[in-house]
Structure formats: C-alpha cells, structure tokens
file final.txt (compact mmCIF, C-alpha atoms)
# COMPACT_ATOMS: atom_id res chain seq x y z
CA SER R 694 26.04 6.92 4.76
CA SER R 695 22.51 7.78 5.83
CA ALA R 696 20.86 10.83 7.35
CA ILE R 697 17.94 10.17 9.70
CA THR R 698 15.57 12.51 11.53
CA ALA R 699 12.27 11.85 13.30
CA ASN R 700 10.43 12.15 9.98
CA SER R 701 13.00 11.65 7.24
CA TYR R 702 15.62 9.27 5.95
CA SER R 703 18.07 9.54 3.12
CA ASP R 704 20.99 7.59 1.72
CA ASP R 705 22.36 7.11 -1.80
CA ASN R 706 19.43 4.89 -2.81
CA ILE R 707 16.42 5.85 -0.68
CA SER R 708 14.76 9.11 0.30
CA ILE R 709 11.79 9.22 2.71
CA GLN R 710 9.94 12.34 3.89
CA ILE R 711 6.98 11.92 6.25
CA SER R 712 4.47 14.68 6.94
CA SER R 713 1.00 14.86 8.42
CA VAL R 714 -2.04 16.89 7.45
CA ARG R 715 -5.50 17.19 8.91
CA GLU R 716 -8.41 17.03 6.47
CA ASN R 717 -12.02 15.89 6.86
CA ASP R 718 -11.59 15.90 10.68
CA THR R 719 -8.92 13.24 10.30
CA ASN R 720 -5.18 12.95 10.85
CA ILE R 721 -3.53 11.81 7.63
CA TYR R 722 0.11 10.68 7.46
CA VAL R 723 1.86 11.00 4.13
CA ALA R 724 5.23 9.52 3.20
CA ASP R 725 6.97 10.68 0.03
CA VAL R 726 9.39 7.90 -0.93
CA GLN R 727 11.93 7.89 -3.76
CA VAL R 728 14.10 4.87 -4.49
CA LYS R 729 16.91 4.36 -6.97
CA SER R 730 15.66 0.92 -8.02
CA ILE R 731 12.65 -1.30 -7.42
CA GLN R 732 14.82 -3.61 -5.26
CA TYR R 733 14.33 -1.11 -2.42
CA LEU R 734 10.53 -1.59 -2.45
CA LYS R 735 9.86 -5.01 -0.94
CA THR R 736 6.95 -6.99 0.44
CA ALA R 737 7.07 -9.39 3.38
CA PHE R 738 4.76 -12.06 4.78
CA ALA R 739 3.57 -12.30 8.36
CA ASP R 740 5.77 -14.83 10.12
CA ASN R 741 7.85 -14.93 6.92
CA SER R 742 5.43 -17.61 5.67
CA TYR R 743 2.86 -17.86 2.89
CA GLY R 744 -0.40 -19.43 4.07
CA ARG R 745 -3.82 -19.04 5.62
CA ASN R 746 -4.60 -16.72 8.54
CA ILE R 747 -0.99 -16.17 9.60
CA LYS R 748 -0.84 -13.12 11.82
CA GLU R 749 1.96 -10.73 12.73
CA THR R 750 1.92 -6.98 13.21
CA THR R 751 3.35 -4.68 10.58
CA SER R 752 5.84 -3.44 13.19
CA ASP R 753 7.19 -6.92 13.90
CA ILE R 754 7.38 -7.80 10.21
CA ALA R 755 9.20 -4.54 9.49
CA GLN R 756 11.62 -5.04 12.36
CA SER R 757 12.49 -8.61 11.40
CA SER R 758 12.84 -7.67 7.72
CA GLY R 759 15.30 -4.90 8.47
CA ALA R 760 12.93 -2.33 6.96
CA ILE R 761 13.40 1.43 7.27
CA PHE R 762 9.77 2.23 6.51
CA ALA R 763 6.69 0.00 6.25
CA ILE R 764 2.92 -0.01 5.78
CA ASN R 765 0.45 -2.88 6.00
CA GLY R 766 -0.53 -4.61 2.76
CA ASP R 767 -3.44 -6.73 1.56
CA PHE R 768 -5.32 -9.57 3.28
CA TYR R 769 -4.44 -12.44 0.95
CA GLY R 770 -4.38 -14.96 3.84
CA PHE R 771 -8.05 -14.58 4.72
CA ARG R 772 -9.33 -16.01 1.42
CA ASP R 773 -8.47 -18.54 -1.29
CA TYR R 774 -8.43 -16.23 -4.30
CA GLY R 775 -6.71 -13.04 -5.43
CA PHE R 776 -3.31 -12.85 -7.10
CA VAL R 777 -0.29 -13.10 -4.80
CA LEU R 778 3.09 -12.17 -6.29
CA ARG R 779 5.79 -11.27 -3.77
CA ASN R 780 9.31 -10.13 -4.61
CA GLY R 781 9.12 -11.89 -7.98
CA THR R 782 7.64 -15.19 -6.74
CA LEU R 783 4.11 -16.14 -7.80
CA TYR R 784 2.27 -17.85 -4.93
CA ARG R 785 -1.30 -17.72 -6.20
CA ASP R 786 -2.77 -17.16 -9.65
CA THR R 787 -6.47 -17.59 -8.83
CA ALA R 788 -8.25 -14.41 -9.88
CA GLY R 789 -10.44 -12.47 -7.50
CA ASP R 790 -13.26 -10.19 -8.64
CA GLY R 791 -11.61 -6.84 -7.95
CA ASP R 792 -8.65 -4.67 -8.87
CA ALA R 793 -5.09 -5.82 -8.27
CA LEU R 794 -2.10 -3.50 -8.02
CA VAL R 795 0.79 -4.60 -10.20
CA ILE R 796 4.27 -3.21 -9.44
CA TYR R 797 6.75 -3.67 -12.27
CA SER R 798 10.53 -4.01 -12.30
CA ASP R 799 10.91 -0.48 -13.72
CA GLY R 800 9.09 0.92 -10.68
CA SER R 801 5.82 1.64 -12.45
CA PHE R 802 2.37 0.86 -11.02
CA LYS R 803 -0.73 -0.35 -12.82
CA SER R 804 -4.14 -1.41 -11.51
CA VAL R 805 -5.74 -4.28 -13.39
CA SER R 806 -8.97 -6.23 -13.19
CA GLU R 807 -7.97 -9.67 -11.91
CA ALA R 808 -10.83 -11.35 -13.79
CA ASP R 809 -9.44 -9.95 -17.06
CA SER R 810 -5.79 -10.71 -16.25
CA ASN R 811 -3.42 -13.65 -16.04
CA ALA R 812 -1.00 -13.58 -13.12
CA GLN R 813 1.70 -15.60 -14.93
CA GLN R 814 1.45 -13.24 -17.91
CA LEU R 815 1.86 -10.22 -15.61
CA LEU R 816 4.95 -11.86 -14.11
CA ASP R 817 6.30 -12.59 -17.60
CA ASP R 818 5.69 -8.93 -18.48
CA GLY R 819 7.94 -7.77 -15.64
CA ALA R 820 5.72 -7.64 -12.55
CA VAL R 821 7.57 -8.09 -9.25
CA GLN R 822 4.68 -7.53 -6.80
CA ILE R 823 0.93 -8.01 -7.11
CA LEU R 824 -1.25 -6.84 -4.21
CA SER R 825 -4.88 -7.89 -4.06
CA PHE R 826 -7.20 -5.63 -2.09
CA GLY R 827 -8.49 -2.50 -3.80
CA PRO R 828 -10.21 -0.78 -5.25
CA ALA R 829 -7.99 1.27 -7.53
CA LEU R 830 -8.27 4.93 -6.48
CA ILE R 831 -6.54 6.65 -9.40
CA LYS R 832 -5.73 5.34 -12.89
CA ASP R 833 -3.87 7.40 -15.50
CA GLY R 834 -4.29 10.50 -13.35
CA SER R 835 -8.08 10.17 -12.99
CA ILE R 836 -9.96 9.28 -9.80
CA THR R 837 -11.78 5.97 -10.26
CA VAL R 838 -13.98 5.86 -7.14
CA GLY R 839 -17.17 7.78 -6.45
CA SER R 840 -18.61 9.23 -3.25
CA ASN R 841 -20.66 6.11 -2.57
CA ASP R 842 -18.02 3.46 -3.27
CA GLU R 843 -16.92 1.28 -0.37
CA VAL R 844 -15.06 -1.95 0.30
CA GLY R 845 -17.44 -4.82 0.97
CA GLN R 846 -19.20 -4.37 4.32
CA SER R 847 -16.74 -1.82 5.65
CA MET R 848 -17.89 1.45 7.22
CA THR R 849 -17.77 4.49 5.00
CA SER R 850 -15.18 6.31 7.08
CA ASN R 851 -12.29 4.19 8.24
CA PRO R 852 -8.64 4.15 9.07
CA ARG R 853 -7.10 3.77 5.60
CA THR R 854 -3.89 2.64 3.99
CA ALA R 855 -3.06 3.45 0.37
CA ILE R 856 -0.10 3.42 -1.95
CA GLY R 857 0.37 5.62 -5.00
CA MET R 858 2.88 6.46 -7.70
CA ILE R 859 3.81 9.96 -8.80
CA SER R 860 6.20 8.53 -11.39
CA PRO R 861 8.16 5.26 -11.55
CA LEU R 862 10.30 4.89 -8.37
CA HIS R 863 8.60 7.92 -6.77
CA TYR R 864 5.78 6.93 -4.42
CA ILE R 865 3.28 8.27 -1.94
CA PHE R 866 2.15 6.13 1.02
CA VAL R 867 -0.87 7.34 2.99
CA VAL R 868 -2.27 6.11 6.30
CA SER R 869 -5.19 7.84 7.99
CA ASP R 870 -6.58 7.51 11.48
CA GLY R 871 -10.31 6.90 12.01
CA ARG R 872 -13.09 5.45 14.16
CA THR R 873 -12.15 7.61 17.15
CA ASN R 874 -13.65 10.74 18.68
CA GLU R 875 -10.75 12.79 17.30
CA ASN R 876 -10.69 11.22 13.83
CA ALA R 877 -13.67 10.73 11.55
CA GLY R 878 -11.73 8.63 9.04
CA LEU R 879 -11.85 8.91 5.27
CA SER R 880 -14.16 7.62 2.59
CA LEU R 881 -12.53 6.03 -0.47
CA LYS R 882 -13.27 9.19 -2.48
CA GLN R 883 -11.64 11.39 0.18
CA LEU R 884 -8.64 9.05 0.18
CA ALA R 885 -8.41 9.30 -3.62
CA ASP R 886 -8.58 13.09 -3.33
CA VAL R 887 -5.61 13.07 -0.96
CA MET R 888 -3.60 10.86 -3.32
CA GLN R 889 -4.37 13.19 -6.20
CA GLU R 890 -3.44 16.27 -4.16
CA TYR R 891 0.02 14.75 -3.70
CA GLY R 892 0.44 14.21 -7.42
CA CYS R 893 -0.28 10.49 -7.78
CA THR R 894 -1.02 9.31 -11.30
CA GLU R 895 -1.83 5.81 -9.99
CA ALA R 896 -3.14 4.94 -6.51
CA TYR R 897 -4.54 1.88 -4.81
CA ASN R 898 -6.43 1.17 -1.58
CA LEU R 899 -4.89 -1.41 0.78
CA ASP R 900 -6.32 -3.21 3.84
CA GLY R 901 -7.43 -0.44 6.19
CA GLY R 902 -9.35 -0.55 9.44
CA GLY R 903 -7.56 -1.95 12.46
CA SER R 904 -4.66 -3.07 10.26
CA SER R 905 -3.73 0.43 9.10
CA THR R 906 -0.14 1.04 10.11
CA MET R 907 2.63 3.39 9.12
CA TRP R 908 5.94 2.37 10.70
CA PHE R 909 9.20 4.29 10.42
CA ASN R 910 12.58 3.57 11.93
CA GLY R 911 11.22 1.60 14.91
CA ASN R 912 8.07 3.61 15.62
CA VAL R 913 4.42 3.50 14.59
CA ILE R 914 3.52 6.94 13.21
CA ASN R 915 -0.30 6.76 13.16
CA SER R 916 -2.68 6.04 16.04
call {"tool": "encode", "arguments": {"input": "final.txt", "output": "structure tokens"}}
result
Amino acid sequence: SSAITANSYSDDNISIQISSVRENDTNIYVADVQVKSIQYLKTAFADNSYGRNIKETTSDIAQSSGAIFAINGDFYGFRDYGFVLRNGTLYRDTAGDGDALVIYSDGSFKSVSEADSNAQQLLDDGAVQILSFGPALIKDGSITVGSNDEVGQSMTSNPRTAIGMISPLHYIFVVSDGRTNENAGLSLKQLADVMQEYGCTEAYNLDGGGSSTMWFNGNVINS
C-alpha cells in the first residue's frame, strides 16, 4: 500500500519527499528519495528508443514508463560519443572528454573520467546506469567545481538538474528554475553548494536549461 500527498510518496520500497527552497534569487526544488533496491531507480529513453535526436518530454516519458517521480537526464542523442548504459544494457562505449556518472547495482554513485575509463569494464564491475553530461559536482564529499566553471557555451546561471547520493540507495535530486525575471538561476558552484547542504557525498550535473524538469505523480513541479 502507498501513501501519497502533493509532495510525498511512500510504500514498502520507495520513499520520496519533495521540498523547495529559495537561494541565490532562485527557486530550487529538492527531492529526497530512498529506495530499497537499485531496481527502483530506472532510466528511460525518449520514445522508448535509442538513437539520434529522438525527442519526448520528461513528463511523457515518465507517464508512459509508469514512473512515480522523474527528472530529465543527459543529452546522449545529440552527439556520437559519451558512454550510454541504461538499465544494465550498454548502448555506446565511445568515450567523451568529460565526467560520466556511474550508478552501481548496490546503489552507489561514482563519477569517472570517460577518457580514463572503459564502459564494458564498468558494466563488468556492476554498473547498471552510466549518464554522460557533467561535470561532477561533488566527489568523496568534496566540491569539484569552482566559481568560474561552466558547461560548454552555456550561460553561467541556468535552470539546472542534478542528481546526488547521500549514501547508497539514498539520493537527492535537484532542479532549479532560471532565466526568468523571478529566477536568476544557479551557477555550477552554487548547485554544488546546494547538493552539499543536503548531505551529498557524490553529485553530478545533468542536462539543464530548457530541459530541466522535475515531475511527480502526474505534475511538473518546477517552472
């Protein structure tokens, strides 16, 4: 049996608590998620298909996957490199030049340099998901981005999406608003600070900007 409110969900295997805070002139939405096993943390493709430039909103993917809670992921389909491992299946082992987030079968997270890693080896070592965006925000409890770090050509203050681990099977998902009169958006360093405030020992930046979405029980939480 499950208990659901506007900002929480719980059953025997999954607990979700969503809250919002305002920092740096920005609305930030934080979901504290605990799962009994890694099988309750899944990834899904747009249009349920692996390939180039396939588009579908996070909301539609979540709805069709039967998700309770969802955020947007990486942007694997807009390039030909970057590790892609989804729900235990390796789709692409061509290394990119940045950090990948590896999620293991025991629920632990680790950020690795793709150039220094082998996707098949990560899979053999127990990885079940590899996301390729970045950069890593926190490794081993320490913030790994500075005030001037940014993703490619992106603006310094953006809508953001990030995922972090407090401990294996206990996660923090953060989505921030940005680029509006009401919301300045966050720099990567500010995003890392938020993740650290919530106790993350590992944290990783996902595809932000216009893609940033936090979806819960049929509704988009952020704006």
call {"tool": "closest_residue", "arguments": {"input": "final.txt", "among": "R:Ile707, R:Pro828, R:Gly892, R:Asp900", "to": "Tyr769 in chain R", "atoms": "all atoms listed in the file"}}
result
R:Asp900
call {"tool": "residues_around", "arguments": {"input": "final.txt", "residues": "range 748-761 of chain R", "least_positions_apart": "4", "cutoff": "6 Å", "atoms": "all atoms listed in the file", "output": "count of residues only"}}
result
4
call {"tool": "atom_distance", "arguments": {"input": "final.txt", "atom1": "CA of Val726 in chain R", "atom2": "CA of Tyr797 in chain R"}}
result
16.4 Å
call {"tool": "atom_distance", "arguments": {"input": "final.txt", "atom1": "CA of Val805 in chain R", "atom2": "CA of Asp833 in chain R"}}
result
12.0 Å
call {"tool": "atom_distance", "arguments": {"input": "final.txt", "atom1": "CA of Gly901 in chain R", "atom2": "CA of Ser798 in chain R"}}
result
26.0 Å
call {"tool": "residues_near_point", "arguments": {"input": "final.txt", "point": "(-13.3, -8.3, -8.5)", "cutoff": "10 Å", "atoms": "all atoms listed in the file", "output": "list in words"}}
result
Gly775, Ala788, Gly789, Asp790, Gly791, Asp792, Ala793, Val805, Ser806, Glu807, Ala808, Asp809, Ser825, Phe826, Gly827 and Pro828 of chain R
call {"tool": "closest_residue", "arguments": {"input": "final.txt", "among": "R:Val714, R:Val838, R:Val868, R:Cys893", "to": "Phe802 in chain R", "atoms": "only C-alpha atoms"}}
result
R:Cys893
call {"tool": "residues_around", "arguments": {"input": "final.txt", "residues": "Arg872 in chain R", "least_positions_apart": "5", "cutoff": "12 Å", "atoms": "only C-alpha atoms", "output": "short mmCIF file (atom, residue, chain, number, x, y, z; two decimals) with C-alpha atoms, in the frame of the given file"}}
result
data_model
loop_
_atom_site.label_atom_id
_atom_site.label_comp_id
_atom_site.auth_asym_id
_atom_site.auth_seq_id
_atom_site.Cartn_x
_atom_site.Cartn_y
_atom_site.Cartn_z
CA ASP R 718 -11.59 15.90 10.68
CA THR R 719 -8.92 13.24 10.30
CA ASN R 720 -5.18 12.95 10.85
CA SER R 847 -16.74 -1.82 5.65
CA MET R 848 -17.89 1.45 7.22
CA THR R 849 -17.77 4.49 5.00
CA SER R 850 -15.18 6.31 7.08
CA ASN R 851 -12.29 4.19 8.24
CA PRO R 852 -8.64 4.15 9.07
CA ARG R 853 -7.10 3.77 5.60
CA ALA R 877 -13.67 10.73 11.55
CA GLY R 878 -11.73 8.63 9.04
CA LEU R 879 -11.85 8.91 5.27
CA SER R 880 -14.16 7.62 2.59
CA GLY R 901 -7.43 -0.44 6.19
CA GLY R 902 -9.35 -0.55 9.44
CA GLY R 903 -7.56 -1.95 12.46
CA SER R 905 -3.73 0.43 9.10
CA SER R 916 -2.68 6.04 16.04
#
call {"tool": "closest_residue", "arguments": {"input": "final.txt", "among": "R:Leu815, R:Ile859, R:Ile709, R:Leu783", "to": "Tyr733 in chain R", "atoms": "only C-alpha atoms"}}
result
R:Ile709
call {"tool": "closest_residue", "arguments": {"input": "final.txt", "among": "R:Gly781, R:Gly857, R:Gly770, R:Gly800", "to": "Ala829 in chain R", "atoms": "only C-alpha atoms"}}
result
R:Gly857
call {"tool": "closest_residue", "arguments": {"input": "final.txt", "among": "R:Ser712, R:Thr873, R:Gln814, R:Ser835", "to": "Ala699 in chain R", "atoms": "only C-alpha atoms"}}
result
R:Ser712
call {"tool": "residues_around", "arguments": {"input": "final.txt", "residues": "Leu884 in chain R", "least_positions_apart": "2", "cutoff": "9 Å", "atoms": "all atoms listed in the file", "output": "PyMOL selection string"}}
result
chain R and resi 830+853-855+867+869+879-882+886-889+898
call {"tool": "build_atoms", "arguments": {"input": "final.txt", "residues": "range 733-744 of chain R", "atoms": "N, CA, C and O atoms", "output": "short mmCIF file (atom, residue, chain, number, x, y, z; two decimals), keeping the file's coordinate frame"}}
result
data_model
loop_
_atom_site.label_atom_id
_atom_site.label_comp_id
_atom_site.auth_asym_id
_atom_site.auth_seq_id
_atom_site.Cartn_x
_atom_site.Cartn_y
_atom_site.Cartn_z
N TYR R 733 14.48 -1.72 -3.74
CA TYR R 733 14.33 -1.11 -2.42
C TYR R 733 12.86 -1.03 -1.98
O TYR R 733 12.58 -0.53 -0.90
N LEU R 734 11.94 -1.51 -2.83
CA LEU R 734 10.53 -1.59 -2.45
C LEU R 734 10.16 -3.06 -2.37
O LEU R 734 10.01 -3.74 -3.37
N LYS R 735 10.04 -3.57 -1.14
CA LYS R 735 9.86 -5.01 -0.94
C LYS R 735 8.55 -5.29 -0.21
O LYS R 735 8.03 -4.45 0.51
N THR R 736 8.07 -6.53 -0.38
CA THR R 736 6.95 -6.99 0.44
C THR R 736 7.45 -8.09 1.36
O THR R 736 8.50 -8.70 1.11
N ALA R 737 6.69 -8.33 2.43
CA ALA R 737 7.07 -9.39 3.38
C ALA R 737 5.80 -10.04 3.91
O ALA R 737 4.76 -9.39 4.05
N PHE R 738 5.89 -11.32 4.20
CA PHE R 738 4.76 -12.06 4.78
C PHE R 738 4.80 -12.00 6.30
O PHE R 738 5.88 -11.94 6.89
N ALA R 739 3.64 -12.06 6.92
CA ALA R 739 3.57 -12.30 8.36
C ALA R 739 4.28 -13.62 8.65
O ALA R 739 4.12 -14.59 7.91
N ASP R 740 5.07 -13.61 9.70
CA ASP R 740 5.77 -14.83 10.12
C ASP R 740 6.66 -15.39 9.02
O ASP R 740 7.02 -16.57 9.03
N ASN R 741 6.97 -14.53 8.03
CA ASN R 741 7.85 -14.93 6.92
C ASN R 741 7.34 -16.18 6.20
O ASN R 741 8.11 -16.96 5.66
N SER R 742 6.01 -16.39 6.23
CA SER R 742 5.43 -17.61 5.67
C SER R 742 4.20 -17.30 4.84
O SER R 742 3.35 -16.51 5.26
N TYR R 743 4.07 -17.96 3.69
CA TYR R 743 2.86 -17.86 2.89
C TYR R 743 1.85 -18.89 3.40
O TYR R 743 2.20 -20.05 3.61
N GLY R 744 0.60 -18.46 3.62
CA GLY R 744 -0.40 -19.43 4.07
C GLY R 744 -1.66 -18.76 4.55
O GLY R 744 -1.86 -17.56 4.37
#
